[in-house]
$ cat input-v4.txt   # compact mmCIF, C-alpha atoms and all ligand atoms
# COMPACT_ATOMS: atom_id res chain seq x y z
CA MET A 1 -3.93 69.60 15.79
CA THR A 2 -5.39 67.09 13.39
CA SER A 3 -8.72 65.65 14.51
CA PRO A 4 -8.42 61.85 14.73
CA THR A 5 -11.14 61.52 12.10
CA LYS A 6 -9.46 63.86 9.63
CA GLN A 7 -6.88 62.75 7.10
CA ARG A 8 -3.77 64.91 6.74
CA VAL A 9 -3.33 65.23 2.98
CA LEU A 10 -0.17 66.63 1.39
CA LEU A 11 -0.66 67.73 -2.22
CA LEU A 12 2.17 68.25 -4.69
CA GLY A 13 1.17 70.39 -7.67
CA ALA A 14 -1.50 72.45 -5.89
CA THR A 15 -0.70 75.46 -8.11
CA GLY A 16 -1.27 73.46 -11.30
CA GLU A 17 -4.43 72.62 -13.25
CA THR A 18 -5.05 69.09 -11.98
CA GLY A 19 -3.66 69.92 -8.54
CA GLY A 20 -5.86 73.04 -8.35
CA SER A 21 -8.94 70.91 -8.98
CA ILE A 22 -7.82 68.41 -6.35
CA LEU A 23 -7.22 71.21 -3.86
CA ASN A 24 -10.71 72.61 -4.45
CA GLY A 25 -12.26 69.14 -4.18
CA LEU A 26 -10.54 68.46 -0.86
CA LEU A 27 -11.34 71.90 0.57
CA GLU A 28 -15.04 71.17 -0.06
CA HIS A 29 -14.72 68.66 2.83
CA PRO A 30 -13.15 70.57 5.74
CA GLY A 31 -14.45 67.96 8.17
CA SER A 32 -12.58 65.16 6.40
CA PHE A 33 -9.22 66.60 5.41
CA ASN A 34 -6.43 68.85 6.65
CA VAL A 35 -4.88 69.88 3.35
CA GLU A 36 -1.28 71.01 2.99
CA ALA A 37 0.73 71.76 -0.15
CA LEU A 38 4.22 70.52 -0.98
CA VAL A 39 6.05 73.29 -2.83
CA ARG A 40 9.56 73.24 -4.27
CA PRO A 41 11.95 75.91 -2.89
CA SER A 42 12.19 77.72 -6.25
CA SER A 43 8.42 78.31 -6.22
CA ALA A 44 8.02 79.34 -2.58
CA GLU A 45 7.66 83.05 -3.38
CA LYS A 46 5.30 82.67 -6.35
CA PRO A 47 2.01 84.59 -6.10
CA ALA A 48 0.16 81.30 -6.71
CA VAL A 49 1.75 79.86 -3.56
CA LYS A 50 0.92 83.01 -1.57
CA ALA A 51 -2.66 82.59 -2.78
CA LEU A 52 -2.72 79.08 -1.29
CA VAL A 53 -1.61 80.51 2.05
CA GLY A 54 -4.40 83.07 1.73
CA ARG A 55 -6.88 80.18 1.45
CA GLY A 56 -5.60 78.71 4.71
CA VAL A 57 -3.47 75.97 3.11
CA GLN A 58 -0.33 75.19 5.09
CA ILE A 59 2.80 74.96 2.96
CA ARG A 60 5.67 72.49 3.30
CA ILE A 61 8.71 73.59 1.29
CA GLY A 62 10.87 70.78 -0.03
CA ASP A 63 12.84 69.52 -2.97
CA THR A 64 11.77 66.14 -4.34
CA THR A 65 15.29 65.73 -5.72
CA GLY A 66 17.01 66.63 -2.42
CA PRO A 67 18.49 64.22 0.16
CA ILE A 68 16.13 61.39 1.02
CA GLU A 69 16.36 61.99 4.78
CA ASP A 70 15.15 65.58 4.29
CA LEU A 71 12.20 64.30 2.27
CA VAL A 72 11.33 61.70 4.89
CA GLY A 73 11.26 64.46 7.51
CA LEU A 74 9.13 66.60 5.24
CA LEU A 75 6.49 63.87 4.99
CA ALA A 76 6.14 63.37 8.75
CA GLY A 77 2.54 62.93 9.87
CA VAL A 78 1.14 62.74 6.32
CA ASP A 79 -1.70 60.24 5.88
CA VAL A 80 -2.26 60.71 2.16
CA LEU A 81 0.28 62.06 -0.31
CA ILE A 82 -1.13 63.14 -3.68
CA SER A 83 0.97 64.11 -6.67
CA ALA A 84 -0.34 66.18 -9.57
CA ILE A 85 3.05 66.91 -11.07
CA ASP A 86 3.36 67.98 -14.71
CA PRO A 87 4.16 65.43 -17.45
CA GLY A 88 7.78 66.59 -17.77
CA SER A 89 8.58 66.03 -14.08
CA LEU A 90 6.97 62.64 -13.43
CA LEU A 91 10.16 60.84 -12.46
CA ALA A 92 10.66 63.26 -9.54
CA GLN A 93 8.07 61.03 -7.85
CA ILE A 94 10.46 58.07 -7.63
CA GLN A 95 12.39 59.51 -4.71
CA LEU A 96 9.20 60.91 -3.24
CA ALA A 97 7.68 57.41 -3.15
CA THR A 98 10.80 56.02 -1.46
CA ALA A 99 10.55 58.74 1.18
CA ALA A 100 6.79 58.17 1.59
CA LYS A 101 7.41 54.51 2.37
CA GLU A 102 10.01 55.41 4.97
CA ALA A 103 7.81 58.12 6.49
CA GLY A 104 4.88 55.70 6.88
CA VAL A 105 2.51 57.50 4.49
CA LYS A 106 -0.71 55.48 4.48
CA ARG A 107 -1.66 56.10 0.85
CA PHE A 108 0.28 57.54 -2.08
CA VAL A 109 -1.72 58.79 -5.04
CA PRO A 110 0.86 59.16 -7.81
CA CYS A 111 0.25 61.42 -10.77
CA ALA A 112 -2.03 59.47 -13.10
CA PHE A 113 -5.13 61.59 -13.91
CA THR A 114 -5.03 60.62 -17.56
CA THR A 115 -6.87 58.39 -20.03
CA VAL A 116 -7.25 54.63 -19.67
CA THR A 117 -4.24 53.17 -21.45
CA PRO A 118 -2.23 49.99 -21.11
CA PRO A 119 1.49 50.41 -20.42
CA GLY A 120 4.01 49.22 -22.99
CA GLY A 121 4.35 51.50 -25.98
CA VAL A 122 0.86 52.95 -26.52
CA MET A 123 1.57 56.30 -24.84
CA ARG A 124 4.98 57.57 -23.75
CA LEU A 125 3.32 59.61 -21.01
CA ARG A 126 1.64 56.48 -19.65
CA ASP A 127 4.93 54.59 -19.76
CA SER A 128 6.67 57.31 -17.68
CA LYS A 129 3.86 57.02 -15.15
CA GLU A 130 4.27 53.24 -15.19
CA GLN A 131 7.90 53.59 -14.04
CA VAL A 132 6.57 55.33 -10.93
CA TYR A 133 3.80 52.72 -10.38
CA GLN A 134 6.33 49.88 -10.65
CA HIS A 135 8.56 51.60 -8.10
CA ILE A 136 5.61 52.03 -5.70
CA ARG A 137 4.71 48.35 -6.00
CA LYS A 138 8.31 47.27 -5.43
CA LEU A 139 8.31 49.38 -2.24
CA TYR A 140 5.02 47.74 -1.06
CA LEU A 141 3.79 51.30 -0.53
CA PRO A 142 -0.01 51.63 -0.16
CA TYR A 143 -1.33 53.46 -3.22
CA THR A 144 -4.29 54.43 -5.36
CA ILE A 145 -4.00 55.25 -9.06
CA ILE A 146 -6.76 57.56 -10.30
CA ASP A 147 -7.50 58.08 -13.99
CA VAL A 148 -10.13 60.46 -15.30
CA GLY A 149 -10.28 60.25 -19.08
CA TYR A 150 -9.67 63.45 -21.06
CA TRP A 151 -10.70 66.90 -19.82
CA TYR A 152 -13.89 68.48 -21.20
CA GLN A 153 -11.81 71.68 -21.29
CA LEU A 154 -9.63 70.10 -24.04
CA SER A 155 -12.40 68.18 -25.84
CA PHE A 156 -14.70 70.79 -27.39
CA PRO A 157 -14.41 72.05 -30.98
CA THR A 158 -14.02 75.74 -31.74
CA LEU A 159 -16.80 77.56 -33.63
CA PRO A 160 -16.63 79.66 -36.82
CA SER A 161 -17.91 82.72 -34.91
CA GLY A 162 -14.97 82.51 -32.47
CA ARG A 163 -17.51 82.40 -29.62
CA VAL A 164 -15.65 79.75 -27.59
CA ASP A 165 -12.09 80.79 -28.48
CA TYR A 166 -11.75 82.47 -25.08
CA ALA A 167 -11.63 79.03 -23.39
CA ALA A 168 -9.76 77.06 -26.08
CA LEU A 169 -6.17 75.99 -25.66
CA ILE A 170 -5.88 75.11 -29.35
CA LYS A 171 -7.42 77.40 -31.98
CA PRO A 172 -8.88 76.34 -34.34
CA ASN A 173 -9.75 72.94 -32.94
CA VAL A 174 -11.90 71.24 -35.58
CA GLU A 175 -10.11 67.94 -36.15
CA ILE A 176 -11.96 64.62 -36.25
CA HIS A 177 -9.60 61.69 -35.72
CA ALA A 178 -9.90 58.39 -37.57
CA ASP A 179 -13.64 58.05 -38.30
CA GLY A 180 -14.68 60.03 -35.20
CA ASN A 181 -16.90 57.20 -34.02
CA LYS A 182 -14.91 55.81 -31.08
CA PRO A 183 -16.48 56.96 -27.79
CA THR A 184 -14.02 58.07 -25.13
CA LEU A 185 -14.21 58.88 -21.41
CA ILE A 186 -14.19 62.61 -20.63
CA THR A 187 -14.42 64.61 -17.40
CA ASP A 188 -14.79 68.23 -16.36
CA LEU A 189 -11.42 69.29 -14.96
CA ARG A 190 -13.31 70.78 -11.99
CA ASP A 191 -14.75 67.36 -11.07
CA ILE A 192 -11.36 65.62 -10.76
CA GLY A 193 -10.89 66.85 -7.20
CA ARG A 194 -14.41 65.78 -6.26
CA PHE A 195 -13.63 62.24 -7.40
CA VAL A 196 -10.32 62.33 -5.52
CA ALA A 197 -12.03 63.42 -2.27
CA LEU A 198 -14.38 60.42 -2.48
CA ILE A 199 -11.71 57.92 -3.50
CA ILE A 200 -9.07 58.69 -0.86
CA ARG A 201 -11.58 58.34 2.00
CA ASP A 202 -12.63 54.91 0.78
CA PRO A 203 -10.79 51.81 2.06
CA ARG A 204 -12.08 49.83 -0.94
CA THR A 205 -9.82 51.82 -3.27
CA LEU A 206 -6.56 51.14 -1.42
CA ASN A 207 -4.02 49.41 -3.69
CA HIS A 208 -6.30 49.70 -6.70
CA SER A 209 -6.64 51.75 -9.85
CA VAL A 210 -9.88 53.72 -10.09
CA VAL A 211 -11.42 55.45 -13.08
CA GLY A 212 -13.79 58.41 -12.72
CA TYR A 213 -15.48 60.23 -15.62
CA GLY A 214 -18.31 62.57 -16.42
CA ASP A 215 -19.33 61.41 -19.88
CA PHE A 216 -18.58 58.93 -22.65
CA LEU A 217 -18.83 60.47 -26.13
CA SER A 218 -17.29 60.15 -29.58
CA GLU A 219 -15.90 63.15 -31.46
CA ASN A 220 -18.81 62.94 -33.90
CA GLU A 221 -21.27 63.11 -30.99
CA ILE A 222 -19.36 66.04 -29.43
CA PHE A 223 -19.36 68.00 -32.71
CA GLU A 224 -23.06 67.32 -33.34
CA LEU A 225 -23.99 68.36 -29.80
CA THR A 226 -21.92 71.55 -30.10
CA GLU A 227 -23.60 72.39 -33.42
CA ALA A 228 -27.06 71.76 -31.99
CA LEU A 229 -26.49 73.94 -28.92
CA SER A 230 -24.64 76.76 -30.71
CA GLY A 231 -26.63 76.81 -33.94
CA GLU A 232 -23.32 76.97 -35.87
CA LYS A 233 -21.97 74.57 -38.50
CA ILE A 234 -18.43 73.35 -37.87
CA GLU A 235 -16.14 72.72 -40.85
CA ARG A 236 -14.47 69.43 -39.90
CA LYS A 237 -10.86 68.56 -40.70
CA TYR A 238 -10.37 64.80 -40.90
CA VAL A 239 -7.13 63.20 -39.69
CA SER A 240 -6.78 59.55 -40.71
CA ALA A 241 -5.62 56.71 -38.46
CA ASN A 242 -2.53 56.36 -40.68
CA GLU A 243 -1.67 60.04 -40.23
CA ILE A 244 -2.00 59.68 -36.45
CA VAL A 245 0.27 56.62 -36.42
CA ALA A 246 2.87 58.46 -38.56
CA ALA A 247 2.73 61.56 -36.30
CA ARG A 248 3.68 59.43 -33.30
CA ASP A 249 7.11 58.90 -34.90
CA VAL A 250 7.86 62.58 -35.53
CA PRO A 251 10.08 63.78 -32.64
CA GLY A 252 8.71 66.65 -30.56
CA ARG A 253 5.64 67.62 -28.57
CA GLY A 254 3.31 66.66 -31.44
CA ALA A 255 4.18 63.01 -30.87
CA TYR A 256 2.68 63.19 -27.36
CA ALA A 257 -0.57 64.61 -28.75
CA ALA A 258 -0.56 61.88 -31.41
CA ASP A 259 -0.10 59.26 -28.68
CA TYR A 260 -3.33 60.50 -27.06
CA GLU A 261 -5.14 60.39 -30.41
CA TYR A 262 -3.84 56.86 -31.03
CA ASN A 263 -5.00 55.84 -27.54
CA LYS A 264 -8.45 57.44 -27.75
CA TYR A 265 -9.45 57.30 -31.40
CA VAL A 266 -7.40 54.58 -33.13
CA ARG A 267 -7.14 51.93 -30.41
CA GLY A 268 -10.21 53.12 -28.50
CA ASP A 269 -8.70 52.21 -25.12
CA ASN A 270 -10.25 55.01 -23.07
CA THR A 271 -13.47 53.26 -22.09
CA SER A 272 -14.91 51.95 -18.82
CA ALA A 273 -15.16 48.46 -20.35
CA TYR A 274 -11.43 48.38 -21.04
CA ALA A 275 -10.70 49.93 -17.62
CA ASN A 276 -12.70 47.11 -16.07
CA TYR A 277 -10.68 44.58 -18.09
CA LEU A 278 -7.44 46.20 -16.84
CA GLY A 279 -8.63 45.76 -13.25
CA TYR A 280 -9.78 49.31 -12.45
CA LEU A 281 -12.58 50.03 -10.01
CA ASN A 282 -15.26 52.34 -11.43
CA ALA A 283 -15.87 55.51 -9.37
CA ARG A 284 -19.33 55.96 -10.94
CA GLU A 285 -20.34 52.57 -9.53
CA LEU A 286 -18.61 53.14 -6.17
CA TYR A 287 -20.26 56.56 -5.63
CA PRO A 288 -23.62 56.58 -7.46
CA GLU A 289 -24.72 59.54 -5.30
CA PHE A 290 -22.08 61.80 -6.91
CA GLN A 291 -23.26 63.25 -10.22
CA PRO A 292 -20.35 64.78 -12.14
CA LYS A 293 -21.13 67.52 -14.63
CA ALA A 294 -22.44 66.17 -17.96
CA PHE A 295 -20.67 67.36 -21.12
CA LYS A 296 -23.90 68.94 -22.37
CA ASP A 297 -24.08 71.13 -19.24
CA PHE A 298 -20.42 72.04 -19.69
CA LEU A 299 -21.22 73.13 -23.27
CA HIS A 300 -24.02 75.40 -22.03
CA GLU A 301 -21.54 77.05 -19.64
CA LEU A 302 -18.98 77.31 -22.42
CA LEU A 303 -21.43 79.01 -24.77
CA ASP A 304 -22.44 81.36 -21.93
CA GLY A 305 -18.78 82.47 -21.61
CA LYS A 306 -18.36 80.92 -18.17
CA VAL A 307 -15.54 78.37 -18.62
CA ALA A 308 -11.95 79.15 -17.65
CA ARG A 309 -9.20 78.41 -20.16
CA PRO A 310 -6.70 75.92 -18.71
CA TYR A 311 -3.12 77.13 -18.25
CA ALA A 312 -4.28 80.73 -18.42
CA GLY A 313 -1.45 81.70 -16.08
N1 LIG B 401 -6.64 63.93 -18.56
C1 LIG B 401 -6.31 65.02 -19.21
O1 LIG B 401 -7.00 65.47 -20.12
C2 LIG B 401 -5.04 65.72 -18.81
C3 LIG B 401 -4.75 67.00 -19.32
C4 LIG B 401 -3.59 67.62 -18.88
C5 LIG B 401 -2.77 66.99 -17.95
N2 LIG B 401 -3.09 65.75 -17.51
C6 LIG B 401 -2.26 65.02 -16.53
O2 LIG B 401 -2.28 65.74 -15.33
C7 LIG B 401 -0.99 65.72 -14.74
C8 LIG B 401 -0.72 67.11 -14.16
O3 LIG B 401 -0.60 68.00 -15.25
P1 LIG B 401 -1.10 69.49 -15.19
O4 LIG B 401 -1.11 69.97 -16.59
O5 LIG B 401 -2.30 69.59 -14.35
O6 LIG B 401 0.13 70.16 -14.41
P2 LIG B 401 0.51 71.72 -14.35
O7 LIG B 401 -0.71 72.55 -14.45
O8 LIG B 401 1.62 71.97 -15.31
O9 LIG B 401 1.05 71.82 -12.86
C9 LIG B 401 2.17 71.11 -12.42
C10 LIG B 401 2.34 71.30 -10.94
O10 LIG B 401 3.46 70.51 -10.50
C11 LIG B 401 4.33 71.33 -9.75
N3 LIG B 401 5.70 70.80 -9.91
C12 LIG B 401 6.34 70.51 -11.05
N4 LIG B 401 7.56 70.01 -10.80
C13 LIG B 401 7.68 69.97 -9.46
C14 LIG B 401 8.70 69.55 -8.59
N5 LIG B 401 9.85 69.05 -9.04
N6 LIG B 401 8.50 69.65 -7.26
C15 LIG B 401 7.33 70.14 -6.79
N7 LIG B 401 6.32 70.57 -7.58
C16 LIG B 401 6.51 70.48 -8.89
C17 LIG B 401 4.13 72.72 -10.32
O11 LIG B 401 4.54 73.65 -9.34
P3 LIG B 401 5.43 74.95 -9.61
O12 LIG B 401 4.55 76.10 -9.23
O13 LIG B 401 6.58 74.77 -8.68
O14 LIG B 401 5.85 74.95 -11.05
C18 LIG B 401 2.64 72.75 -10.55
O15 LIG B 401 1.95 73.02 -9.36
C19 LIG B 401 0.00 65.34 -15.84
O16 LIG B 401 0.90 64.35 -15.40
C20 LIG B 401 -0.83 64.91 -17.01
O17 LIG B 401 -0.58 63.58 -17.40
C21 LIG B 401 -4.21 65.11 -17.91
$ encode --input "input-v4.txt" --output "structure tokens"
Amino acid sequence: MTSPTKQRVLLLGATGETGGSILNGLLEHPGSFNVEALVRPSSAEKPAVKALVGRGVQIRIGDTTGPIEDLVGLLAGVDVLISAIDPGSLLAQIQLATAAKEAGVKRFVPCAFTTVTPPGGVMRLRDSKEQVYQHIRKLYLPYTIIDVGYWYQLSFPTLPSGRVDYAALIKPNVEIHADGNKPTLITDLRDIGRFVALIIRDPRTLNHSVVGYGDFLSENEIFELTEALSGEKIERKYVSANEIVAARDVPGRGAYAADYEYNKYVRGDNTSAYANYLGYLNARELYPEFQPKAFKDFLHELLDGKVARPYAG
């Protein structure tokens, strides 16, 4: 039985990186949320799903591409539906949103969780997300879009000693983009769920976009801080704005990475000032009592060997 004061939250993507953070963030508030996970049939037997069950998370098995009436039934009783689906599957949320409207879901949080970017050709990833947002708005479905800047876990440079390679997704990672001076919003992956738990309980955030972040630093500042804390000198590799723009036109996965670089370091969109201009609410102003981890503290953990590499599985 759900307590009348608790929200029943259904999370798609609970076995993923962003979804895992959201799950942890919600489970930190057992008095506020009953958390369930939406899992596709092909993943039902995965060890990661069994691990969710082991943590007391109830599982609803369903196919987002299946018949709409099945999906509507699957969403029965859900107050808040959160999607943390991977970039390649974003459009699976279209049918999910249609079903959520029909099922009377009170708030849909579609998969945003990215940098602050305008729609319309700056980032292909953002434009795929926009298709989902437009669909939600056409449905008149209550929603909240949550962006978080770029993960700390993807924002640190590697060191000549190899000391932080254990946590790095890209090795070596010593590129400075454009002049390296544009500050950009960044967040510890582990804090995403903590922001989500605050935002979805808050009536002020209904039908709004919200940005949450832990720090606001340029690449030059990040490199200098890493050098100061590690005592190592990093050999920088400079990538010009023109090279970034050209890389966006080369078909393949690299173009998506170049879109992010264009967004963060050439255009400099990923700031709270620009988010404010785009109409976002600022989670740091809404919840001044919540102190997300500062990048400097993350670096200390990283140098102590205590940070998990994303996508390790
Ligand atoms: N801000 C940043 O720095 C940053 C970095 C990376 C990603 N992101 C954003 O975060 C979002 C999530 O990415 P991620 O890397 O965290 O994802 P991920 O780790 O790849 O996890 C994706 C999750 O979605 C589930 N899933 C995929 N397709 C599904 C479907 N059709 N039906 C049900 N479940 C499905 C997967 O479950 P299975 O177990 O079934 O595969 C998995 O749990 C992305 O859209 C991306 O834009 C942001």
$ residues_around --input "input-v4.txt" --residues "segment 155-159 of chain A" --least-positions-apart "6" --cutoff "6 Å" --atoms "all atoms listed in the file" --output "ChimeraX atom specification"
/A:172-174
$ residues_near_ligand --input "input-v4.txt" --ligand "ligand LIG 401 (chain B)" --cutoff "7 Å" --atoms "only C-alpha atoms and all ligand atoms" --output "ChimeraX atom specification"
/A:12-19,38-40,42-43,63-64,84-87,89-90,92,111-115,125,148-151,154,311
$ axis_aligned_box --input "input-v4.txt" --around "segment 36-42 of chain A" --padding-each-side "5 Å" --output "JSON"
{"center_x": 5.5, "center_y": 74.1, "center_z": -1.6, "size_x": 23.5, "size_y": 17.2, "size_z": 19.2}
$ closest_atom_pairs --input "input-v4.txt" --of "segment 168-269 of chain A" --to "segment 24-29 of chain A" --cutoff "12 Å" --atoms "all atoms listed in the file" --output "Markdown table"
| residue | atom | partner | partner_atom | distance |
| --- | --- | --- | --- | --- |
| A:Leu189 | CA | A:Gly25 | CA | 10.8 |
| A:Arg190 | CA | A:Gly25 | CA | 8.0 |
| A:Asp191 | CA | A:Gly25 | CA | 7.5 |
| A:Ile192 | CA | A:Gly25 | CA | 7.5 |
| A:Gly193 | CA | A:Gly25 | CA | 4.0 |
| A:Arg194 | CA | A:Gly25 | CA | 4.5 |
| A:Phe195 | CA | A:Gly25 | CA | 7.7 |
| A:Val196 | CA | A:Gly25 | CA | 7.2 |
| A:Ala197 | CA | A:Leu26 | CA | 5.4 |
| A:Leu198 | CA | A:Leu26 | CA | 9.1 |
| A:Ile199 | CA | A:Leu26 | CA | 10.9 |
| A:Ile200 | CA | A:Leu26 | CA | 9.9 |
| A:Arg201 | CA | A:Leu26 | CA | 10.6 |
$ write_last_selection --input "input-v4.txt" --atoms "C-alpha atoms" --output "PDB file, in the coordinates of the input"
ATOM      1  CA  LEU A 189     -11.420  69.290 -14.960  1.00  0.00           C
ATOM      2  CA  ARG A 190     -13.310  70.780 -11.990  1.00  0.00           C
ATOM      3  CA  ASP A 191     -14.750  67.360 -11.070  1.00  0.00           C
ATOM      4  CA  ILE A 192     -11.360  65.620 -10.760  1.00  0.00           C
ATOM      5  CA  GLY A 193     -10.890  66.850  -7.200  1.00  0.00           C
ATOM      6  CA  ARG A 194     -14.410  65.780  -6.260  1.00  0.00           C
ATOM      7  CA  PHE A 195     -13.630  62.240  -7.400  1.00  0.00           C
ATOM      8  CA  VAL A 196     -10.320  62.330  -5.520  1.00  0.00           C
ATOM      9  CA  ALA A 197     -12.030  63.420  -2.270  1.00  0.00           C
ATOM     10  CA  LEU A 198     -14.380  60.420  -2.480  1.00  0.00           C
ATOM     11  CA  ILE A 199     -11.710  57.920  -3.500  1.00  0.00           C
ATOM     12  CA  ILE A 200      -9.070  58.690  -0.860  1.00  0.00           C
ATOM     13  CA  ARG A 201     -11.580  58.340   2.000  1.00  0.00           C
TER      14      ARG A 201
END
$ atom_distance --input "input-v4.txt" --atom1 "atom CA of Ser209 of chain A" --atom2 "atom CA of Ser83 of chain A"
14.9 Å
$ closest_residue --input "input-v4.txt" --among "A:Asn263, A:Ser32, A:Thr271, A:Ser218" --to "Val122 of chain A" --atoms "all atoms listed in the file"
A:Asn263
$ closest_residue --input "input-v4.txt" --among "A:Ala312, A:Leu23, A:Val53, A:Leu96" --to "Ala168 of chain A" --atoms "all atoms listed in the file"
A:Ala312
$ closest_residue --input "input-v4.txt" --among "A:Glu102, A:Glu301, A:Asp79, A:Glu219" --to "Leu141 of chain A" --atoms "all atoms listed in the file"
A:Glu102
$ closest_residue --input "input-v4.txt" --among "A:Val116, A:Ala51, A:Ala100, A:Leu169" --to "Leu139 of chain A" --atoms "all atoms listed in the file"
A:Ala100
$ atom_distance --input "input-v4.txt" --atom1 "atom CA of Glu221 of chain A" --atom2 "atom CA of Tyr277 of chain A"
24.9 Å
$ closest_residue --input "input-v4.txt" --among "A:Gly254, A:Leu91, A:Ile176, A:His208" --to "Glu224 of chain A" --atoms "only C-alpha atoms"
A:Ile176
$ atom_distance --input "input-v4.txt" --atom1 "atom CA of Arg284 of chain A" --atom2 "atom CA of Tyr260 of chain A"
23.2 Å
$ closest_residue --input "input-v4.txt" --among "A:Ala76, A:Leu286, A:Leu302, A:Ala178" --to "Tyr238 of chain A" --atoms "all atoms listed in the file"
A:Ala178
$ residues_around --input "input-v4.txt" --residues "Ala241 of chain A" --least-positions-apart "5" --cutoff "10 Å" --atoms "all atoms listed in the file" --output "tab-separated table (two decimals) with C-alpha atoms, in the frame of the given file"
chain	number	residue	atom	x	y	z
A	177	HIS	CA	-9.60	61.69	-35.72
A	178	ALA	CA	-9.90	58.39	-37.57
A	179	ASP	CA	-13.64	58.05	-38.30
A	246	ALA	CA	2.87	58.46	-38.56
A	247	ALA	CA	2.73	61.56	-36.30
A	261	GLU	CA	-5.14	60.39	-30.41
A	262	TYR	CA	-3.84	56.86	-31.03
A	265	TYR	CA	-9.45	57.30	-31.40
A	266	VAL	CA	-7.40	54.58	-33.13
A	267	ARG	CA	-7.14	51.93	-30.41
$ residues_around --input "input-v4.txt" --residues "Leu217 of chain A" --least-positions-apart "4" --cutoff "9 Å" --atoms "only C-alpha atoms" --output "list in words"
Asn181, Lys182, Pro183, Thr184, Leu185, Ile186, Glu221, Ile222 and Phe295 of chain A
$ write_last_selection --input "input-v4.txt" --atoms "C-alpha atoms" --output "PDB file, keeping the file's coordinate frame"
ATOM      1  CA  ASN A 181     -16.900  57.200 -34.020  1.00  0.00           C
ATOM      2  CA  LYS A 182     -14.910  55.810 -31.080  1.00  0.00           C
ATOM      3  CA  PRO A 183     -16.480  56.960 -27.790  1.00  0.00           C
ATOM      4  CA  THR A 184     -14.020  58.070 -25.130  1.00  0.00           C
ATOM      5  CA  LEU A 185     -14.210  58.880 -21.410  1.00  0.00           C
ATOM      6  CA  ILE A 186     -14.190  62.610 -20.630  1.00  0.00           C
ATOM      7  CA  GLU A 221     -21.270  63.110 -30.990  1.00  0.00           C
ATOM      8  CA  ILE A 222     -19.360  66.040 -29.430  1.00  0.00           C
ATOM      9  CA  PHE A 295     -20.670  67.360 -21.120  1.00  0.00           C
TER      10      PHE A 295
END
$ residues_around --input "input-v4.txt" --residues "segment 71-75 of chain A" --least-positions-apart "4" --cutoff "10 Å" --atoms "only C-alpha atoms" --output "list in words"
Leu10, Leu38, Arg60, Ile61, Gly62, Asp63, Thr64, Thr65, Gly66, Pro67, Asp79, Val80, Leu81, Gln95, Leu96, Ala97, Thr98, Ala99, Ala100, Lys101, Glu102, Ala103, Gly104 and Val105 of chain A
$ residues_around --input "input-v4.txt" --residues "Thr5 of chain A" --least-positions-apart "3" --cutoff "12 Å" --atoms "all atoms listed in the file" --output "PyMOL selection string"
chain A and resi 1-2+8+30-34+79+201
$ residues_near_point --input "input-v4.txt" --point "(-11.7, 81.6, -22.3)" --cutoff "10 Å" --atoms "all atoms listed in the file" --output "ChimeraX atom specification"
/A:153,163-169,302,305-310,312
